[in-house]
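Engineer: Sharing target31.txt below, compact mmCIF, C-alpha atoms:
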# COMPACT_ATOMS: atom_id res chain seq x y z
CA MET P 1 78.29 107.19 102.68
CA ARG P 2 79.01 108.06 99.09
CA SER P 3 82.18 105.98 99.26
CA LEU P 4 80.04 103.00 100.24
CA TRP P 5 77.30 103.37 97.61
CA TYR P 6 79.03 104.77 94.53
CA ARG P 7 82.18 102.68 94.20
CA SER P 8 82.51 100.60 91.05
CA ARG P 9 83.73 97.03 91.23
CA LYS P 10 87.11 98.09 89.90
CA GLU P 11 87.40 100.84 92.54
CA ALA P 12 86.43 98.43 95.31
CA ARG P 13 88.96 95.89 94.06
CA ASP P 14 91.70 98.54 93.80
CA ASP P 15 90.91 99.81 97.30
CA ALA P 16 91.04 96.28 98.71
CA GLU P 17 94.38 95.67 96.99
CA ALA P 18 95.77 99.03 98.16
CA GLY P 19 94.59 98.33 101.69
CA ARG P 20 97.17 95.56 101.97
CA SER P 21 100.03 98.08 101.65
CA ILE P 22 98.54 101.47 102.65
CA THR P 23 98.73 102.42 106.32
CA MET P 24 96.40 105.25 107.27
CA PRO P 25 97.27 107.61 110.16
CA THR P 26 96.78 105.98 113.53
CA GLN P 27 93.50 106.93 115.18
CA THR P 28 93.23 107.27 118.94
CA VAL P 29 91.12 104.42 120.32
CA ALA P 30 90.38 103.27 123.84
CA PRO P 31 92.25 100.17 125.13
CA PRO P 32 90.32 96.87 124.73
CA LEU P 33 89.69 96.49 128.49
CA GLN P 34 88.25 100.01 128.62
CA GLN P 35 85.94 99.23 125.71
CA VAL P 36 84.70 96.03 127.39
CA ILE P 37 84.10 97.81 130.71
CA LYS P 38 82.28 100.63 128.92
CA ARG P 39 79.96 98.15 127.18
CA LEU P 40 79.30 96.33 130.45
CA VAL P 41 78.40 99.58 132.20
CA ILE P 42 75.99 100.54 129.41
CA ALA P 43 74.45 97.05 129.47
CA MET P 44 73.95 97.26 133.25
CA ALA P 45 72.39 100.72 132.84
CA VAL P 46 69.92 99.32 130.30
CA LEU P 47 69.11 96.43 132.65
CA ILE P 48 68.52 98.76 135.61
CA VAL P 49 66.25 101.02 133.53
CA THR P 50 64.21 97.98 132.47
CA VAL P 51 63.92 96.76 136.07
CA VAL P 52 62.66 100.18 137.19
CA ILE P 53 60.09 100.31 134.35
CA VAL P 54 58.74 96.84 135.16
CA TYR P 55 58.68 97.42 138.91
CA PHE P 56 56.73 100.69 138.72
CA ASP P 57 54.18 98.98 136.44
CA ARG P 58 54.17 95.72 138.43
CA GLU P 59 50.36 95.76 138.74
CA GLY P 60 50.17 95.09 135.01
CA TYR P 61 52.19 91.86 135.25
CA ASN P 62 51.24 88.41 136.44
CA ASP P 63 53.58 85.88 138.09
CA ASN P 64 52.33 82.33 137.57
CA SER P 65 53.90 81.23 140.87
CA ASP P 66 52.21 83.64 143.30
CA GLY P 67 50.29 86.12 141.15
CA SER P 68 52.22 89.23 142.30
CA VAL P 69 55.44 90.84 141.11
CA ASP P 70 57.99 92.25 143.56
CA LEU P 71 61.43 93.82 142.98
CA VAL P 72 63.18 90.46 142.61
CA ASP P 73 60.55 89.32 140.11
CA ALA P 74 60.99 92.59 138.18
CA ALA P 75 64.76 92.05 138.03
CA TYR P 76 64.27 88.43 136.95
CA TYR P 77 61.77 89.42 134.24
CA ALA P 78 64.04 92.19 132.96
CA THR P 79 67.07 89.88 132.81
CA VAL P 80 65.41 87.02 130.92
CA THR P 81 63.54 89.41 128.64
CA LEU P 82 66.62 91.37 127.61
CA SER P 83 68.83 88.30 127.17
CA THR P 84 66.19 85.99 125.61
CA THR P 85 62.53 86.19 124.63
CA GLY P 86 61.43 85.24 128.16
CA TYR P 87 60.11 81.99 129.70
CA GLY P 88 56.46 82.93 130.04
CA ASP P 89 56.32 82.54 133.84
CA ILE P 90 55.93 86.32 134.25
CA THR P 91 53.76 87.98 131.61
CA PRO P 92 52.30 91.45 130.97
CA VAL P 93 48.53 91.32 131.28
CA SER P 94 47.38 94.97 131.23
CA ASP P 95 47.26 97.10 128.07
CA ALA P 96 49.74 99.59 129.54
CA ALA P 97 52.25 96.84 130.36
CA ARG P 98 51.93 95.32 126.89
CA LEU P 99 52.37 98.71 125.17
CA THR P 100 55.42 99.34 127.36
CA ASN P 101 56.87 96.01 126.22
CA ILE P 102 56.26 96.89 122.58
CA PHE P 103 57.59 100.44 122.52
CA VAL P 104 60.11 100.50 125.38
CA ILE P 105 61.35 97.09 126.50
CA THR P 106 61.68 95.61 122.99
CA PRO P 107 63.95 98.48 121.79
CA LEU P 108 65.91 98.13 125.03
CA ARG P 109 66.30 94.41 124.29
CA VAL P 110 67.68 95.21 120.84
CA LEU P 111 70.07 97.79 122.34
CA PHE P 112 71.17 95.28 124.98
CA LEU P 113 71.99 92.65 122.34
CA ILE P 114 73.83 95.19 120.17
CA ILE P 115 75.97 96.16 123.16
CA LEU P 116 76.82 92.53 123.88
CA VAL P 117 77.84 91.77 120.30
CA GLY P 118 79.46 95.19 119.78
CA THR P 119 82.98 93.78 119.69
CA THR P 120 82.06 91.29 116.97
CA LEU P 121 80.33 93.97 114.93
CA GLU P 122 83.36 96.24 115.29
CA VAL P 123 85.68 93.55 113.92
CA LEU P 124 83.33 92.91 110.98
CA THR P 125 83.03 96.59 110.08
CA GLU P 126 86.69 97.53 110.55
CA ARG P 127 87.74 96.24 107.12
CA THR P 128 84.91 98.13 105.41
CA ARG P 129 85.78 101.29 107.35
CA GLN P 130 89.43 100.97 106.34
CA GLN P 131 88.52 100.56 102.65
CA VAL P 132 86.24 103.60 102.81
CA ARG P 133 89.04 105.70 104.36
CA ILE P 134 91.47 104.55 101.67
CA HIS P 135 88.99 105.25 98.87
CA ARG P 136 88.25 108.73 100.25
CA TRP P 137 91.96 109.47 100.61
CA ARG P 138 92.79 108.30 97.09
CA SER P 139 89.98 110.31 95.52
CA ARG P 140 90.93 113.54 97.34
CA THR P 141 94.73 113.45 97.19
CA ARG P 142 96.12 116.06 94.80
CA ASN P 143 99.31 118.20 94.64
CA HIS P 144 100.75 116.49 97.71
CA ILE P 145 104.29 115.60 98.75
CA VAL P 146 105.58 112.04 98.39
CA LEU P 147 108.47 111.21 100.72
CA ILE P 148 110.36 108.04 99.81
CA GLY P 149 112.34 106.70 102.75
CA TYR P 150 111.32 107.32 106.36
CA GLY P 151 114.73 107.03 107.97
CA THR P 152 116.60 109.79 109.76
CA LYS P 153 116.66 112.06 106.68
CA GLY P 154 113.00 111.46 105.93
CA GLN P 155 111.85 112.09 109.48
CA HIS P 156 113.75 115.37 109.69
CA ALA P 157 112.34 116.39 106.31
CA VAL P 158 108.81 115.82 107.62
CA ARG P 159 109.49 117.85 110.77
CA THR P 160 110.80 120.73 108.68
CA LEU P 161 107.81 120.61 106.32
CA VAL P 162 105.35 120.56 109.22
CA GLY P 163 107.27 123.41 110.87
CA GLN P 164 106.87 125.41 107.66
CA GLY P 165 103.10 125.06 107.93
CA ILE P 166 102.50 122.11 105.59
CA GLY P 167 99.79 119.80 106.92
CA LYS P 168 100.52 116.15 107.57
CA ASP P 169 97.56 115.23 105.36
CA ARG P 170 99.60 116.54 102.39
CA ILE P 171 102.54 114.20 103.02
CA VAL P 172 102.63 110.55 101.91
CA VAL P 173 105.46 108.25 102.98
CA VAL P 174 106.76 105.27 100.99
CA ASP P 175 109.15 102.80 102.61
CA ALA P 176 110.00 99.13 102.13
CA GLN P 177 110.44 98.57 105.88
CA HIS P 178 107.21 97.75 107.70
CA LYS P 179 108.61 99.19 110.93
CA ALA P 180 109.18 102.56 109.25
CA VAL P 181 105.66 102.55 107.82
CA ILE P 182 104.18 101.87 111.25
CA ALA P 183 106.25 104.74 112.67
CA ALA P 184 104.95 107.06 109.95
CA GLY P 185 101.37 106.03 110.72
CA ASP P 186 101.95 106.71 114.42
CA ASP P 187 103.23 110.17 113.42
CA GLY P 188 99.92 110.92 111.67
CA LEU P 189 101.04 110.26 108.08
CA VAL P 190 99.64 108.08 105.32
CA ALA P 191 102.30 105.49 104.51
CA ILE P 192 102.80 102.87 101.78
CA THR P 193 104.71 99.63 102.27
CA GLY P 194 106.59 98.54 99.17
CA ASP P 195 109.57 98.83 96.85
CA ALA P 196 109.68 102.43 95.62
CA THR P 197 111.60 101.43 92.47
CA LEU P 198 108.37 99.83 91.19
CA SER P 199 105.72 101.92 89.47
CA GLU P 200 103.00 99.92 91.19
CA THR P 201 104.15 101.09 94.62
CA LEU P 202 104.47 104.75 93.60
CA LEU P 203 101.03 104.71 91.97
CA LYS P 204 99.55 103.62 95.31
CA ALA P 205 101.06 106.79 96.75
CA GLU P 206 99.31 108.77 93.96
CA LEU P 207 102.74 110.01 92.85
CA HIS P 208 101.40 110.82 89.36
CA ARG P 209 99.28 113.54 91.03
CA ALA P 210 101.98 114.82 93.41
CA ALA P 211 103.51 118.29 93.28
CA GLN P 212 106.81 117.43 95.03
CA VAL P 213 108.77 114.23 95.55
CA ILE P 214 111.52 113.75 98.14
CA VAL P 215 113.78 110.76 97.52
CA ALA P 216 115.79 109.79 100.61
CA PRO P 217 116.65 106.06 100.58
CA GLN P 218 119.69 104.49 102.19
CA ARG P 219 121.62 103.71 98.97
CA ASP P 220 122.55 105.98 96.06
CA GLU P 221 121.80 103.38 93.37
CA THR P 222 118.33 102.91 94.81
CA ALA P 223 117.83 106.68 94.70
CA THR P 224 118.72 106.69 91.00
CA LEU P 225 116.19 103.97 90.13
CA ILE P 226 113.48 105.66 92.20
CA THR P 227 114.15 109.01 90.52
CA LEU P 228 113.90 107.46 87.05
CA THR P 229 110.61 105.77 87.94
CA ALA P 230 109.17 108.88 89.60
CA ARG P 231 110.07 111.13 86.66
CA GLN P 232 108.49 108.66 84.26
CA LEU P 233 105.23 108.74 86.22
CA ASN P 234 105.17 112.50 86.79
CA ARG P 235 106.80 114.97 84.40
CA ARG P 236 105.82 118.14 86.26
CA ALA P 237 106.65 117.31 89.90
CA THR P 238 109.68 118.83 91.61
CA ILE P 239 112.01 115.99 92.63
CA VAL P 240 114.59 116.50 95.38
CA VAL P 241 117.04 113.66 96.03
CA ALA P 242 119.43 112.99 98.91
CA VAL P 243 122.58 110.98 98.13
CA ARG P 244 125.84 110.22 99.88
CA GLU P 245 128.47 110.79 97.19
CA ASP P 246 129.11 113.80 94.91
CA GLU P 247 129.98 111.60 91.94
CA ASN P 248 126.33 110.47 91.68
CA VAL P 249 124.93 114.01 91.35
CA PRO P 250 125.26 114.29 87.51
CA LEU P 251 123.66 110.87 87.04
CA LEU P 252 120.70 111.78 89.24
CA LYS P 253 120.15 115.08 87.44
CA GLN P 254 120.15 113.22 84.14
CA SER P 255 117.63 110.81 85.68
CA GLY P 256 115.21 113.68 86.30
CA ALA P 257 116.11 115.14 89.70
CA ASP P 258 115.64 118.91 90.00
CA THR P 259 117.84 119.22 93.10
CA VAL P 260 120.37 116.82 94.57
CA VAL P 261 121.59 117.18 98.15
CA THR P 262 124.85 115.41 98.98
CA SER P 263 124.93 114.41 102.63
CA SER P 264 128.64 113.56 102.85
CA SER P 265 129.88 116.83 101.30
CA SER P 266 127.36 118.88 103.30
CA ALA P 267 128.57 117.27 106.50
CA GLY P 268 132.19 117.85 105.45
CA ARG P 269 131.56 121.55 104.78
CA LEU P 270 129.89 121.91 108.17
CA LEU P 271 132.81 120.18 109.88
CA GLY P 272 135.28 122.45 108.12
CA THR P 273 133.28 125.53 109.10
CA PHE P 274 133.28 124.39 112.73
CA MET P 275 137.05 124.12 112.67
CA ALA P 276 137.52 127.52 111.00
CA SER P 277 134.81 129.44 112.90
CA PRO P 278 132.64 127.66 115.50
CA PRO P 279 130.24 130.66 115.86
CA ALA P 280 129.67 130.76 112.10
CA ALA P 281 129.03 127.01 112.07
CA ARG P 282 126.53 127.28 114.95
CA THR P 283 124.72 130.06 113.10
CA LEU P 284 124.61 127.90 109.98
CA GLU P 285 123.25 124.99 112.04
CA ASP P 286 120.56 127.26 113.51
CA LEU P 287 119.51 128.25 110.00
CA MET P 288 119.19 124.61 108.97
CA THR P 289 117.24 123.61 112.12
CA LEU P 290 113.73 125.02 112.16
CA GLY P 291 112.77 126.65 115.46
CA SER P 292 116.23 126.58 117.03
CA GLY P 293 116.95 130.32 117.02
CA LEU P 294 117.12 131.49 113.40
CA ASP P 295 114.80 130.26 110.65
CA LEU P 296 115.42 130.41 106.90
CA ILE P 297 111.96 131.02 105.44
CA GLU P 298 110.50 131.63 102.00
CA ARG P 299 107.40 133.81 102.06
CA SER P 300 105.33 136.12 99.88
CA VAL P 301 106.02 139.83 99.88
CA ALA P 302 103.57 141.63 102.18
CA SER P 303 101.42 144.42 100.77
CA GLU P 304 103.17 147.05 102.89
CA GLU P 305 106.57 145.90 101.53
CA VAL P 306 105.67 146.46 97.87
CA GLY P 307 107.75 149.32 96.45
CA ARG P 308 110.36 149.07 99.17
CA THR P 309 113.86 147.62 98.95
CA PRO P 310 114.80 144.45 100.89
CA ARG P 311 116.86 146.65 103.22
CA GLU P 312 113.60 148.27 104.44
CA CYS P 313 111.90 144.97 105.36
CA GLY P 314 111.59 143.90 108.96
CA ASP P 315 113.37 140.57 108.29
CA LEU P 316 116.82 140.10 106.81
CA VAL P 317 116.23 139.34 103.13
CA LEU P 318 118.81 137.06 101.51
CA ALA P 319 117.24 136.67 98.08
CA VAL P 320 114.22 137.64 96.01
CA ILE P 321 112.36 135.16 93.81
CA ARG P 322 110.74 136.81 90.79
CA ASP P 323 109.15 134.98 87.86
CA ARG P 324 110.55 131.71 89.25
CA LYS P 325 114.10 133.09 89.09
CA ARG P 326 116.22 133.80 92.13
CA LEU P 327 117.88 137.20 92.35
CA ASP P 328 121.01 136.85 94.42
CA TYR P 329 121.94 139.02 97.37
CA ALA P 330 123.89 141.66 95.41
CA VAL P 331 121.09 142.27 92.88
CA SER P 332 118.06 141.89 95.16
CA TRP P 333 119.48 144.25 97.79
CA ARG P 334 119.01 147.22 95.42
CA THR P 335 115.78 146.21 93.65
CA GLU P 336 112.30 147.34 94.64
CA LEU P 337 109.93 144.59 95.69
CA ARG P 338 106.88 143.94 93.53
CA ALA P 339 103.53 142.30 94.17
CA GLY P 340 103.87 138.57 93.51
CA ASP P 341 107.52 138.42 94.53
CA ARG P 342 108.67 135.94 97.13
CA VAL P 343 111.56 136.53 99.50
CA ILE P 344 113.93 134.25 101.37
CA THR P 345 114.45 135.72 104.81
CA VAL P 346 116.20 135.04 108.09
CA SER P 347 113.83 135.49 111.01
CA ARG P 348 113.30 134.36 114.57
CA PRO P 349 110.78 131.58 115.34
CA VAL P 350 107.24 132.78 115.97
CA THR P 351 107.35 131.76 119.64
CA GLU P 352 110.52 133.76 120.27
CA ALA P 353 109.22 136.78 118.34
CA ALA P 354 106.07 136.79 120.47
CA GLU P 355 108.15 136.93 123.64
Could I get this file's structure written as structure tokens?
Structural biologist:
Amino acid sequence: MRSLWYRSRKEARDDAEAGRSITMPTQTVAPPLQQVIKRLVIAMAVLIVTVVIVYFDREGYNDNSDGSVDLVDAAYYATVTLSTTGYGDITPVSDAARLTNIFVITPLRVLFLIILVGTTLEVLTERTRQQVRIHRWRSRTRNHIVLIGYGTKGQHAVRTLVGQGIGKDRIVVVDAQHKAVIAAGDDGLVAITGDATLSETLLKAELHRAAQVIVAPQRDETATLITLTARQLNRRATIVVAVREDENVPLLKQSGADTVVTSSSSAGRLLGTFMASPPAARTLEDLMTLGSGLDLIERSVASEEVGRTPRECGDLVLAVIRDRKRLDYAVSWRTELRAGDRVITVSRPVTEAAE
């Protein structure tokens, strides 16, 4: 309700403009035919209740044709009363019947009309509801992850993030393809349609308030422009970029990328590993695929692990992160863990460990 009453004109205008490109997560709704049938059933229930009320109080009504009211007359009176204001051929004459019309049948008439025009009201309120959802989302979004490009790389990135325990409400997708944006909305993500090289598009994704940015477009030159724009809007966010060619890595790092992942060289190294040692390559693939057998996880040091060496931990510790610096395997293997340290471990998925 606050979103409806306390929005300034500028906020309402911005929300309306953003609503043209922002796709909120798809909500589960009943099919149109089901909604129509549901309304018809409720309307018939209201009609039947009114018929019963009139029939049991039939002595308080007068029929101008024969003076008495039977079941058919009660059904006729209920139908014309709920759908119109009545024709006056059957009227309540007793005080009880008139009070029943005031306090029972009149509210039922209003309910009956609301049910009949429910579809129209739903269409009229849908735009307002959408603007309220967008305004609420924009006002609450902080320290989130902006994913630019919802292709194969982007979709796998989202699955990995969700598998690591990051909620979908913390991920915002930006893509120029409307089909990709619809797919992201169907997957429960907020998505923005637009050119990510433009500041206007990234501002709609609240990138200036984001904590991490993943840049995964189809072309390397597009990735460079997006990285430059993103770094200009947000100086503190961690930017990870996926590119095809190694020669573009220095340029992207100069553009503001913190980490650059080269897909072609990574694929080449994996292919070479498969040729040299298929078991080693399969193990490496398991580590890169969350939930497939072995998971590479970063976590905080548990209280019972403080003071111990990585060798004494239940999981295989590959590295220790201390004061934002990574201690490699040779150093971290001999050091004692401290409170506040984070460790990178190899562990089995939770479902397998439970078994």
Engineer: Could you check the closest approach to Gln131 of chain P for each of P:Thr197, P:Thr229, P:Thr23, P:Ser68 and tell me which residue wins, using only C-alpha atoms?
Structural biologist: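 Under the stated criterion, the closest residue is P:Thr23.
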Engineer: Quick one, how far is atom CA of Ser94 of chain P from atom CA of Ala45 of chain P?
Structural biologist: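 Between atom CA of Ser94 of chain P and atom CA of Ala45 of chain P the gap works out to 25.7 Å.
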Engineer: From (62.5, 102.4, 128.2), in the file's coordinates, out to 7 Å: which residues are reached, counting only C-alpha atoms? Answer as a list of chain:residue names.
Structural biologist: P:Val49, P:Thr50, P:Ile53, P:Val104, P:Ile105, P:Leu108
Engineer: What gap, in Å, lies between atom CA of Leu161 of chain P and atom CA of Gly185 of chain P?
Structural biologist: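 Going from atom CA of Leu161 of chain P over to atom CA of Gly185 of chain P, I get 16.5 Å.
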Engineer: Show me, as a ChimeraX atom specification, the residues that have an atom within 10 Å of Thr201 of chain P when counting only C-alpha atoms, minus same-chain residues fewer than 6 positions from it.
Structural biologist: /P:18,21-22,174-176,192-195,207
Engineer: Please indicate the distance in Å from atom CA of Lys325 of chain P to atom CA of Thr289 of chain P, rounded to one decimal place.
Structural biologist: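 So the answer is 25.1 Å.
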Engineer: Which residue out of P:Ile115, P:Ala184, P:Ala339, P:Val162 has the minimum interatomic distance to Lys38 of chain P when only C-alpha atoms are used?
Structural biologist: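 Residue with the minimum atom-to-atom distance to Lys38 of chain P: P:Ile115.
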Engineer: I'd like the neighbourhood of Ala205 of chain P as a short mmCIF file (atom, residue, chain, number, x, y, z; two decimals) with C-alpha atoms, keeping the file's coordinate frame, where a residue qualifies if any of its atoms comes within 12 Å (using all atoms listed in the file), though same-chain residues fewer than 5 positions away should be ignored.
Structural biologist:
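part21.cif, written as the output of this step:
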data_model
loop_
_atom_site.label_atom_id
_atom_site.label_comp_id
_atom_site.auth_asym_id
_atom_site.auth_seq_id
_atom_site.Cartn_x
_atom_site.Cartn_y
_atom_site.Cartn_z
CA ALA P 18 95.77 99.03 98.16
CA GLY P 19 94.59 98.33 101.69
CA SER P 21 100.03 98.08 101.65
CA ILE P 22 98.54 101.47 102.65
CA THR P 23 98.73 102.42 106.32
CA MET P 24 96.40 105.25 107.27
CA ILE P 134 91.47 104.55 101.67
CA TRP P 137 91.96 109.47 100.61
CA ARG P 138 92.79 108.30 97.09
CA SER P 139 89.98 110.31 95.52
CA THR P 141 94.73 113.45 97.19
CA ARG P 142 96.12 116.06 94.80
CA ASN P 143 99.31 118.20 94.64
CA HIS P 144 100.75 116.49 97.71
CA ILE P 145 104.29 115.60 98.75
CA VAL P 146 105.58 112.04 98.39
CA LEU P 147 108.47 111.21 100.72
CA ILE P 148 110.36 108.04 99.81
CA ARG P 170 99.60 116.54 102.39
CA ILE P 171 102.54 114.20 103.02
CA VAL P 172 102.63 110.55 101.91
CA VAL P 173 105.46 108.25 102.98
CA VAL P 174 106.76 105.27 100.99
CA ASP P 175 109.15 102.80 102.61
CA LEU P 189 101.04 110.26 108.08
CA VAL P 190 99.64 108.08 105.32
CA ALA P 191 102.30 105.49 104.51
CA ILE P 192 102.80 102.87 101.78
CA THR P 193 104.71 99.63 102.27
CA GLY P 194 106.59 98.54 99.17
CA ASP P 195 109.57 98.83 96.85
CA ALA P 196 109.68 102.43 95.62
CA LEU P 198 108.37 99.83 91.19
CA SER P 199 105.72 101.92 89.47
CA GLU P 200 103.00 99.92 91.19
CA ALA P 210 101.98 114.82 93.41
CA VAL P 213 108.77 114.23 95.55
CA ALA P 230 109.17 108.88 89.60
CA LEU P 233 105.23 108.74 86.22
#
